[in-house]
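Single-structure report; data block below.
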Amino acid sequence: MTIAGISLVLIMGIINLLLVTFQVSTGKRWIKVKFNWHRRLGVLLLFTALIHAILAYLFR
């Protein structure tokens, strides 16, 4: 499955990479944010990682 000629699995992977980078940066306190943002984006990362894994499995 593609969106504008780009694989949906690739798009989800890039989103996950950005979310993981943000989570590590805020966890290490390199970027200062309130804990609520860190927690909410962690939950978002969980859901996007699950979707990414399911799509990668289905479209391999």
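Residues in the structure tokens are numbered from 1 in each chain, the chains being A, B, ... in the order shown, and ligands are numbered from 1 in the order shown.
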
Run DSSP on the backbone of this structure and report the residues of chain A it assigns to alpha helix (DSSP H), as JSON, numbers by chain.
{"A": [8, 9, 10, 11, 12, 13, 14, 15, 16, 17, 18, 19, 20, 21, 22, 23, 24, 25, 26, 27, 35, 36, 37, 38, 39, 40, 41, 42, 43, 44, 45, 46, 47, 48, 49, 50, 51, 52, 53, 54, 55, 56, 57, 58]}

With N, CA and C atoms retained, export the selected residues as a short mmCIF file (atom, residue, chain, number, x, y, z; two decimals), in the first residue's frame.
```
data_model
loop_
_atom_site.label_atom_id
_atom_site.label_comp_id
_atom_site.auth_asym_id
_atom_site.auth_seq_id
_atom_site.Cartn_x
_atom_site.Cartn_y
_atom_site.Cartn_z
N LEU A 8 3.52 2.90 2.81
CA LEU A 8 2.95 3.27 4.10
C LEU A 8 3.81 2.74 5.25
N VAL A 9 4.44 1.59 5.05
CA VAL A 9 5.33 1.04 6.08
C VAL A 9 6.52 1.96 6.28
N LEU A 10 7.06 2.51 5.20
CA LEU A 10 8.19 3.44 5.31
C LEU A 10 7.77 4.71 6.04
N ILE A 11 6.61 5.23 5.73
CA ILE A 11 6.12 6.44 6.40
C ILE A 11 5.97 6.20 7.90
N MET A 12 5.38 5.06 8.27
CA MET A 12 5.21 4.74 9.69
C MET A 12 6.57 4.54 10.37
N GLY A 13 7.54 3.98 9.66
CA GLY A 13 8.88 3.81 10.22
C GLY A 13 9.55 5.13 10.50
N ILE A 14 9.38 6.09 9.61
CA ILE A 14 9.97 7.42 9.81
C ILE A 14 9.30 8.12 10.99
N ILE A 15 7.99 8.00 11.09
CA ILE A 15 7.26 8.58 12.23
C ILE A 15 7.76 7.96 13.54
N ASN A 16 7.93 6.63 13.54
CA ASN A 16 8.42 5.96 14.74
C ASN A 16 9.82 6.41 15.10
N LEU A 17 10.69 6.58 14.11
CA LEU A 17 12.05 7.05 14.37
C LEU A 17 12.03 8.43 15.02
N LEU A 18 11.18 9.32 14.52
CA LEU A 18 11.07 10.66 15.11
C LEU A 18 10.54 10.60 16.54
N LEU A 19 9.54 9.76 16.77
CA LEU A 19 8.98 9.63 18.12
C LEU A 19 9.98 9.03 19.10
N VAL A 20 10.74 8.03 18.66
CA VAL A 20 11.76 7.43 19.53
C VAL A 20 12.84 8.46 19.86
N THR A 21 13.26 9.22 18.86
CA THR A 21 14.27 10.26 19.09
C THR A 21 13.76 11.29 20.10
N PHE A 22 12.50 11.68 19.97
CA PHE A 22 11.91 12.63 20.92
C PHE A 22 11.85 12.02 22.32
N GLN A 23 11.42 10.76 22.42
CA GLN A 23 11.30 10.12 23.72
C GLN A 23 12.66 10.03 24.43
N VAL A 24 13.69 9.66 23.69
CA VAL A 24 15.02 9.57 24.29
C VAL A 24 15.51 10.95 24.70
N SER A 25 15.29 11.94 23.85
CA SER A 25 15.74 13.30 24.15
C SER A 25 15.06 13.87 25.39
N THR A 26 13.78 13.61 25.54
CA THR A 26 13.08 14.12 26.72
C THR A 26 13.38 13.28 27.95
N GLY A 27 13.60 11.98 27.77
CA GLY A 27 13.95 11.14 28.90
C GLY A 27 15.32 11.47 29.47
N PHE A 35 6.06 16.30 31.82
CA PHE A 35 5.95 14.84 31.82
C PHE A 35 4.72 14.36 31.05
N ASN A 36 3.64 15.15 31.09
CA ASN A 36 2.42 14.75 30.38
C ASN A 36 2.68 14.58 28.89
N TRP A 37 3.46 15.48 28.28
CA TRP A 37 3.78 15.36 26.86
C TRP A 37 4.63 14.13 26.60
N HIS A 38 5.58 13.87 27.47
CA HIS A 38 6.44 12.69 27.32
C HIS A 38 5.60 11.42 27.38
N ARG A 39 4.67 11.36 28.31
CA ARG A 39 3.83 10.17 28.47
C ARG A 39 2.87 10.00 27.30
N ARG A 40 2.22 11.08 26.87
CA ARG A 40 1.26 11.00 25.75
C ARG A 40 1.94 10.57 24.45
N LEU A 41 3.09 11.13 24.18
CA LEU A 41 3.80 10.76 22.96
C LEU A 41 4.38 9.35 23.06
N GLY A 42 4.65 8.89 24.27
CA GLY A 42 5.06 7.49 24.46
C GLY A 42 3.94 6.54 24.10
N VAL A 43 2.72 6.87 24.47
CA VAL A 43 1.56 6.05 24.12
C VAL A 43 1.33 6.11 22.60
N LEU A 44 1.48 7.28 22.01
CA LEU A 44 1.37 7.41 20.55
C LEU A 44 2.42 6.55 19.86
N LEU A 45 3.63 6.54 20.40
CA LEU A 45 4.70 5.70 19.85
C LEU A 45 4.32 4.23 19.91
N LEU A 46 3.72 3.81 21.00
CA LEU A 46 3.29 2.41 21.13
C LEU A 46 2.30 2.05 20.03
N PHE A 47 1.31 2.89 19.80
CA PHE A 47 0.30 2.60 18.78
C PHE A 47 0.86 2.65 17.37
N THR A 48 1.71 3.62 17.09
CA THR A 48 2.27 3.69 15.74
C THR A 48 3.23 2.53 15.49
N ALA A 49 3.95 2.09 16.52
CA ALA A 49 4.84 0.94 16.36
C ALA A 49 4.03 -0.33 16.10
N LEU A 50 2.90 -0.48 16.78
CA LEU A 50 2.04 -1.64 16.53
C LEU A 50 1.48 -1.63 15.11
N ILE A 51 1.02 -0.48 14.66
CA ILE A 51 0.49 -0.36 13.30
C ILE A 51 1.59 -0.64 12.28
N HIS A 52 2.78 -0.10 12.53
CA HIS A 52 3.92 -0.31 11.65
C HIS A 52 4.27 -1.80 11.55
N ALA A 53 4.28 -2.48 12.67
CA ALA A 53 4.61 -3.91 12.69
C ALA A 53 3.55 -4.73 11.97
N ILE A 54 2.29 -4.42 12.18
CA ILE A 54 1.21 -5.16 11.53
C ILE A 54 1.25 -4.95 10.02
N LEU A 55 1.44 -3.71 9.59
CA LEU A 55 1.52 -3.43 8.16
C LEU A 55 2.74 -4.11 7.52
N ALA A 56 3.86 -4.08 8.21
CA ALA A 56 5.07 -4.72 7.66
C ALA A 56 4.86 -6.23 7.53
N TYR A 57 4.16 -6.82 8.48
CA TYR A 57 3.89 -8.25 8.42
C TYR A 57 2.92 -8.58 7.29
N LEU A 58 1.89 -7.77 7.12
CA LEU A 58 0.88 -8.05 6.11
C LEU A 58 1.37 -7.81 4.70
#
```

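Every residue of range 1-58 of chain A found in strand (DSSP E or B) when DSSP is run on the backbone appears here: Thr2, Ile3, Ile6 and Ser7 of chain A.
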
Could you save those same residues with C-alpha atoms as a PDB file, in the first residue's frame?
```pdb
ATOM      1  CA  THR A   2       1.359   3.400  -0.937  1.00  0.00           C
ATOM      2  CA  ILE A   3       0.496   7.034  -0.411  1.00  0.00           C
ATOM      3  CA  ILE A   6       5.691   6.069  -0.918  1.00  0.00           C
ATOM      4  CA  SER A   7       5.201   2.886   1.075  1.00  0.00           C
TER       5      SER A   7
END
```
